[in-house]
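Undergrad: What follows is a single structure, and I will ask about it in a moment.
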Amino acid sequence: MKRERVKRWHRFAAVGLIGFLIAGAGIVFSVQPTLAALVCPRCFGFEQLSGGVFVDAAMPGPLRAQLASAMREGETKVADFYGELRATPEVLACATDSCWRGLGGSGAQGISYASVGFRLAPLGINPVIVAHELSHIELHERLGLVKFMVGAIPAWFDEGLAVIVSEDPRYLLASTESDRCRVDATGSFPIAPMAWTRAAGTDHNLYARAACRVLRWMRANGGNAAVLALVKKVAEGVPFSEIYHDPDERKS
């Protein structure tokens with residue numbers, strides 16, 4: 001019980017810091033409902049499904065079972081990639097559009113908040129979306145809140161990696177293919193999360209391009225182990241630019 005109270009306090013402190021830092025960006029009103037709900041899910045009408053997973057009261061039994069299965073599969077995918085799960089996020093899952101709008105809404109099916117937690121839209125209750133958001137959460141947990149908030153790892157790497165970890169077939173070819181890139185990793189990539197969100201709204205190949213860029217870097221540098229080493233070094237203070245080098249640039 002004491003451990004749970006300490007965990008809650010840490011979550012509350014992290015949410016407070018996130019809210020304080022994003023206020024300067026002028027977006028606090030759009031994310032504040034979710035941040036508040038992550039601190040007190042029941043205050044917003046959510047019911048506990050299991051552990052840190054909360055669902056809106058209108059969610060029917062079959063969809064709750066689907067969510068539980070998606071969480072298990074998503075956690076397995078992320079644990080297989082990272083070796084273990086260190087993060088223990090809160091999850092807010094909506095079954096209705098009104099619930100989703102109450103959390104701030106958006107076009108995305110899932111949205112994560114540092115390593116604190118993530119929310120799922122009704123259509124986001126599937127293993128791929130869950131694994132995608134859990135990949136963000138695990139990366140941010142290992143990176144540390146402050147490093148995440150100052151953008152120590154660029155958004156394009158974070159998002160491309162989440163596509164790879166979740167095995168998203170919309171943006172990757174099957175694992176049996178020698179080159180899994182659906183599109184080439186050409187063009188520029190947004191570094192900041194807000195810039196990524198804006199660009200993703202108009203560039204439908206952005207996720208696939210970012211995934212391809214990360215995938216080719218991984219292949220040239222040792223696969224999963226290269227990612228874990230990069231995250232560890234950045235968390236320790238080494239600049240991302242000193243570790244990541246585009247393999248395509250080295251060929252030219």
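So you can find residues: chains in the structure tokens are A, B, ... in the order shown, residues in each start at 1, and ligands are numbered from 1 in order.
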What's around segment 220-226 of chain A at 9 Å? Count only C-alpha atoms, leave out sequence neighbours fewer than 3 positions away in its own chain, and write the answer as a list in words.
TA: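 Surrounding residues, per the criterion: Phe81, Tyr82, Leu215, Arg216, Trp217, Ala229, Leu230, Val231 and Pro247 of chain A.
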Undergrad: Could those selected residues go to a file with N, CA and C atoms, as a PDB file, in the first residue's frame?
TA:
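For reference, out-v2.pdb as written:
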ATOM      1  N   PHE A  81      11.479  -6.532 -27.353  1.00  0.00           N
ATOM      2  CA  PHE A  81      12.443  -5.611 -27.965  1.00  0.00           C
ATOM      3  C   PHE A  81      13.433  -5.074 -26.941  1.00  0.00           C
ATOM      4  N   TYR A  82      12.920  -4.600 -25.812  1.00  0.00           N
ATOM      5  CA  TYR A  82      13.758  -3.941 -24.805  1.00  0.00           C
ATOM      6  C   TYR A  82      14.392  -4.910 -23.805  1.00  0.00           C
ATOM      7  N   LEU A 215      15.176   1.847 -39.114  1.00  0.00           N
ATOM      8  CA  LEU A 215      15.434   0.439 -39.420  1.00  0.00           C
ATOM      9  C   LEU A 215      16.798   0.260 -40.075  1.00  0.00           C
ATOM     10  N   ARG A 216      17.121   1.126 -41.039  1.00  0.00           N
ATOM     11  CA  ARG A 216      18.408   1.011 -41.731  1.00  0.00           C
ATOM     12  C   ARG A 216      19.572   1.353 -40.802  1.00  0.00           C
ATOM     13  N   TRP A 217      19.358   2.306 -39.888  1.00  0.00           N
ATOM     14  CA  TRP A 217      20.400   2.622 -38.902  1.00  0.00           C
ATOM     15  C   TRP A 217      20.617   1.419 -37.986  1.00  0.00           C
ATOM     16  N   ALA A 229      21.710   0.804 -26.477  1.00  0.00           N
ATOM     17  CA  ALA A 229      22.950   1.512 -26.166  1.00  0.00           C
ATOM     18  C   ALA A 229      22.796   3.009 -26.400  1.00  0.00           C
ATOM     19  N   LEU A 230      22.114   3.380 -27.492  1.00  0.00           N
ATOM     20  CA  LEU A 230      21.898   4.796 -27.788  1.00  0.00           C
ATOM     21  C   LEU A 230      21.084   5.469 -26.690  1.00  0.00           C
ATOM     22  N   VAL A 231      19.990   4.843 -26.289  1.00  0.00           N
ATOM     23  CA  VAL A 231      19.127   5.425 -25.253  1.00  0.00           C
ATOM     24  C   VAL A 231      19.895   5.581 -23.947  1.00  0.00           C
ATOM     25  N   PRO A 247      23.269   6.023 -42.001  1.00  0.00           N
ATOM     26  CA  PRO A 247      24.068   5.118 -42.839  1.00  0.00           C
ATOM     27  C   PRO A 247      24.037   5.513 -44.312  1.00  0.00           C
TER      28      PRO A 247
END
Undergrad: Taking the backbone alone, and naming residues the way the document does, which bits of segment 42-178 of chain A are strand (DSSP E or B) by DSSP, as a list of chain:residue names?
TA: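 For segment 42-178 of chain A, the strand (DSSP E or B) set is A:Phe46, A:Glu47, A:Gln48, A:Leu49, A:Ser50, A:Val53, A:Phe54, A:Val55, A:Asp56, A:Glu90, A:Val91, A:Leu92, A:Ala93, A:Gly110, A:Ile111, A:Ser112, A:Tyr113, A:Gly117, A:Phe118, A:Arg119, A:Leu120, A:Leu172.
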Undergrad: Excluding same-chain residues fewer than 3 positions from Thr76 of chain A, what lies within 12 Å of it counting only C-alpha atoms, as a list in words?
TA: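 After dropping sequence-adjacent residues, the list is Ser69, Ala70, Met71, Arg72, Glu73, Ala79, Asp80, Phe81, Tyr82, Gly83, Glu84, Leu85, Pro127, Val128, Val130, Ala131, His132, Leu134, Ser135, Val165 and Ser166 of chain A.
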Undergrad: Using only C-alpha atoms, which residues of segment 61-101 of chain A come within 12 Å of segment 44-47 of chain A, and what is the closest atom pair for each, with the distance in Å to one decimal? Give it as JSON lines, sorted by chain and residue number.
TA:
{"residue": "A:Arg64", "atom": "CA", "partner": "A:Glu47", "partner_atom": "CA", "distance": 10.9}
{"residue": "A:Glu90", "atom": "CA", "partner": "A:Phe46", "partner_atom": "CA", "distance": 11.6}
{"residue": "A:Val91", "atom": "CA", "partner": "A:Phe46", "partner_atom": "CA", "distance": 10.3}
{"residue": "A:Leu92", "atom": "CA", "partner": "A:Phe46", "partner_atom": "CA", "distance": 7.6}
{"residue": "A:Ala93", "atom": "CA", "partner": "A:Phe46", "partner_atom": "CA", "distance": 8.5}
{"residue": "A:Cys94", "atom": "CA", "partner": "A:Phe46", "partner_atom": "CA", "distance": 8.8}
{"residue": "A:Ala95", "atom": "CA", "partner": "A:Phe46", "partner_atom": "CA", "distance": 10.8}
{"residue": "A:Ser98", "atom": "CA", "partner": "A:Gly45", "partner_atom": "CA", "distance": 11.8}
{"residue": "A:Cys99", "atom": "CA", "partner": "A:Gly45", "partner_atom": "CA", "distance": 9.0}
{"residue": "A:Trp100", "atom": "CA", "partner": "A:Phe44", "partner_atom": "CA", "distance": 11.5}
Undergrad: List the neighbours of Leu123 of chain A out to 10 Å using only C-alpha atoms; skip same-chain residues closer than 2 positions along the sequence, and give me the result as an NGL selection string.
TA: :A and (94-96 or 108-110 or 120-121 or 125-126 or 129)
Undergrad: Choose the residue, out of A:Leu145, A:Ser112, A:Leu161, A:Val150, that has the smallest atom-to-atom separation from Glu133 of chain A; count only C-alpha atoms.
TA: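 Closest residue, counting only C-alpha atoms: A:Ser112.
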Undergrad: Can you pull out every residue within 9 Å of Val234 of chain A, counting only C-alpha atoms, but drop anything in the same chain fewer than 6 positions away, and send it as a PyMOL selection string?
TA: chain A and resi 143+147+152-153+240+243
Undergrad: Just C-alpha atoms for this one: save the residues we selected as a PDB file, in the first residue's frame.
TA:
ATOM      1  CA  LEU A 143      15.564   8.374 -21.148  1.00  0.00           C
ATOM      2  CA  LYS A 147      15.781  14.506 -21.178  1.00  0.00           C
ATOM      3  CA  ALA A 152      17.206  14.779 -26.279  1.00  0.00           C
ATOM      4  CA  ILE A 153      15.984  12.181 -28.795  1.00  0.00           C
ATOM      5  CA  PHE A 240      22.088  12.140 -29.891  1.00  0.00           C
ATOM      6  CA  ILE A 243      25.772   8.614 -31.523  1.00  0.00           C
TER       7      ILE A 243
END
Undergrad: From the DSSP assignment of the backbone, select every residue of segment 67-111 of chain A that is helix (DSSP H, G or I), and format the answer as a PyMOL selection string.
TA: chain A and resi 67-82+97-102
Undergrad: I need the residue nearest Gly117 of chain A from this list: A:Gly52, A:Pro169, A:Gly74, A:Gly104. Use only C-alpha atoms for the distance.
TA: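 Checking each of A:Gly52, A:Pro169, A:Gly74, A:Gly104 against Gly117 of chain A, counting only C-alpha atoms, the winner is A:Gly52.
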